[in-house]
Each structure stands twice: as structure tokens, then as C-alpha cells.
Amino acid sequence: MHKAIKRTALSLALGFGLIGSAAATIQSIEGTHLTFTYDDALVGLFGTPSVSGDTLFFTPNSFRTAGIGASSYSFVSDTFVFTVAAKSGYTLTGVDLTEQGDYRLHRPTGTGDLGVDLTGEIRVRDLGTLAEKTANLQTTAPLTTLGSSTIDWTANADTSFQAWQSTGARVTIENVLDAWTDTTKPSSAFIEKKYVGASFQVTAVPEPETYAMFLAGLGMLGMVARRRLK
């Protein structure tokens, strides 16, 4: 019996230890009007996020891929998931995703094809209604410039969900980088992601007292108007 009690106590202790360990990975950071929550064990290639105002942003230092040689192909991908909750008196109305980095397409001699590509999306699901909005990343210019120097790139994805009157959402950012060479002589194709920023828009929601004062004001204006008509 004593052994059974000891086993039970050990199981409970381990169980609480596992729960505590899992809970310890959940992080919350405060924006101006929002609270962001994520699992720091799952940041992956994005790296640990930071907040500026109502923008959750990342500055990854290893989110890159390269194709090297006369015939090569490589890609890298990752996904980051977090929740965002509006503070009291505000609702979520939209999000703008901006990503930045650089690339290099170098073909010293010979002919053939080489290139890089960037794809991805932002997916927002309202925690109340489970409605969903998705927007694909679009680069502001083609990633096709050849040369020995790196070229900066920018990509955007914007989505609005003002009609939801959402106070909380689950957000998924998915990214894929590709690089390839198919040339007669050794060449290289390289692309890197250096910044990811999800900027949220919020709308202030009037407090019940504000509505009451507004209705009272309308009532007084109505009384004044009736008196003038008499």
C-alpha cells in the first residue's frame, strides 16, 4: 500500500511538473491596445518577437536558403502562430503584414536559369465566431535582378476584418523561401528574410456610459426643438 501511495504521489508530482514546464513556455507581451501571446518553444526561424505600439515584429537571423552550383534547388519554410487580444474598450479591425530581406542572383559566366522566390500568407481566425481571413504575400518588385551584390526586397499582405467586431484572434504567419540554379556553369542564388512585422488596427468602442450621455444629449436637443416649434 505504501508503494502504491508513493507511485501515486510521484505520478502527481511528475504530472504537475510537466504542466508547469508546458505553461512556462507561454509568453505574453503587451502592445498599446493589444496583448500578444505565443509559445516560445515554437518560435523557430522567426526568432523571439518584440512589440512596438500594436505591431508584433521579428528580426530573424537564420531564415535563409541558397542554391549553389550548375544545378541545384533548395527551400526553407516555417510557420509562427500567436493569439492577439484587444484590451478593454477596443476591437480588432485589420492587420498589415510587412516582410523585408535581401537576395542575390550571381552567374559569373555561362547561360541558364537561376532564381529565388518568396511565398507566404497571413491567416486570421476570430476566436468568437471562428470566421477566417487570409491574405497572400506579394513582393513590391520582381526578384530577378542579376549581379554580384545583394538586392533588398519588401513584401506585403493586408487584410481587414472590421465587420467581425473581434476582441481576440488566432494568427498564423506562413513563409517559404526558394532558391535554384539551372545553368551551364556554377552559379549561386540566395535569399534571406530579415524582418517580419504584423501591424494591427484597432477601433475604440464607446463605454455604456458614453452611449447613455449621447442618448441623453439627443433627448435634450429634441426637447429644445419642440419648444421652439410651439
# chains A, B, ... in the order shown; residues from 1 in each chain; ligands from 1
call {"tool": "residues_around", "arguments": {"residues": "Leu146 in chain A", "least_positions_apart": "6", "cutoff": "8 Å", "atoms": "only C-alpha atoms", "output": "ChimeraX atom specification"}}
result
/A:104-107
call {"tool": "write_last_selection", "arguments": {"atoms": "C-alpha atoms", "output": "CSV table (one decimal), in the first residue's frame"}}
result
chain,number,residue,atom,x,y,z
A,104,ARG,CA,21.5,37.7,-54.7
A,105,LEU,CA,21.5,36.1,-58.2
A,106,HIS,CA,25.1,35.6,-59.4
A,107,ARG,CA,26.0,33.9,-62.7
call {"tool": "residues_around", "arguments": {"residues": "Ser160 in chain A", "least_positions_apart": "6", "cutoff": "8 Å", "atoms": "only C-alpha atoms", "output": "list of chain:residue names"}}
result
A:Thr93, A:Gly94, A:Val95, A:Lys133
call {"tool": "write_last_selection", "arguments": {"atoms": "N, CA and C atoms", "output": "compact mmCIF listing (two decimals), in the first residue's frame"}}
result
# COMPACT_ATOMS: atom_id res chain seq x y z
N THR A 93 -9.62 45.41 -36.04
CA THR A 93 -10.27 45.73 -37.32
C THR A 93 -9.45 45.32 -38.54
N GLY A 94 -8.18 44.97 -38.38
CA GLY A 94 -7.38 44.59 -39.53
C GLY A 94 -5.93 44.38 -39.15
N VAL A 95 -5.15 43.85 -40.10
CA VAL A 95 -3.73 43.64 -39.88
C VAL A 95 -2.98 43.79 -41.20
N LYS A 133 -9.95 35.05 -42.21
CA LYS A 133 -9.49 35.88 -43.32
C LYS A 133 -8.06 35.46 -43.65
call {"tool": "residues_around", "arguments": {"residues": "Gly101 in chain A", "least_positions_apart": "3", "cutoff": "7 Å", "atoms": "only C-alpha atoms", "output": "PDB file with N, CA and C atoms, in the first residue's frame"}}
result
ATOM      1  N   ASP A 152      17.774  44.427 -51.914  1.00  0.00           N
ATOM      2  CA  ASP A 152      16.726  44.419 -50.895  1.00  0.00           C
ATOM      3  C   ASP A 152      15.369  44.109 -51.510  1.00  0.00           C
ATOM      4  N   TRP A 153      14.525  43.437 -50.754  1.00  0.00           N
ATOM      5  CA  TRP A 153      13.157  43.186 -51.186  1.00  0.00           C
ATOM      6  C   TRP A 153      12.181  43.484 -50.043  1.00  0.00           C
ATOM      7  N   THR A 154      10.933  43.767 -50.429  1.00  0.00           N
ATOM      8  CA  THR A 154       9.836  44.003 -49.482  1.00  0.00           C
ATOM      9  C   THR A 154       8.599  43.280 -49.988  1.00  0.00           C
ATOM     10  N   GLU A 192      17.172  35.806 -48.249  1.00  0.00           N
ATOM     11  CA  GLU A 192      17.140  35.847 -46.781  1.00  0.00           C
ATOM     12  C   GLU A 192      16.019  36.763 -46.310  1.00  0.00           C
ATOM     13  N   LYS A 193      15.386  36.366 -45.209  1.00  0.00           N
ATOM     14  CA  LYS A 193      14.363  37.182 -44.563  1.00  0.00           C
ATOM     15  C   LYS A 193      14.969  37.825 -43.329  1.00  0.00           C
ATOM     16  N   LYS A 194      14.822  39.163 -43.200  1.00  0.00           N
ATOM     17  CA  LYS A 194      15.436  39.882 -42.091  1.00  0.00           C
ATOM     18  C   LYS A 194      14.438  40.588 -41.176  1.00  0.00           C
ATOM     19  N   TYR A 195      13.200  40.758 -41.640  1.00  0.00           N
ATOM     20  CA  TYR A 195      12.205  41.458 -40.815  1.00  0.00           C
ATOM     21  C   TYR A 195      10.817  40.940 -41.162  1.00  0.00           C
TER      22      TYR A 195
END
call {"tool": "select_by_dssp", "arguments": {"residues": "range 15-177 of chain A", "states": "strand (DSSP E or B)", "output": "VMD selection string"}}
result
chain A and resid 26 to 30 34 to 39 50 to 52 55 to 58 64 to 86 90 to 106 112 to 126 132 to 136 138 to 139 146 151 to 160 166 168 to 177
call {"tool": "atom_distance", "arguments": {"atom1": "CA of Thr119 in chain A", "atom2": "CA of Trp180 in chain A"}}
result
14.7 Å
call {"tool": "residues_around", "arguments": {"residues": "range 29-33 of chain A", "least_positions_apart": "3", "cutoff": "10 Å", "atoms": "only C-alpha atoms", "output": "VMD selection string"}}
result
chain A and resid 36 to 38 49 to 56 84 to 92 200 to 204
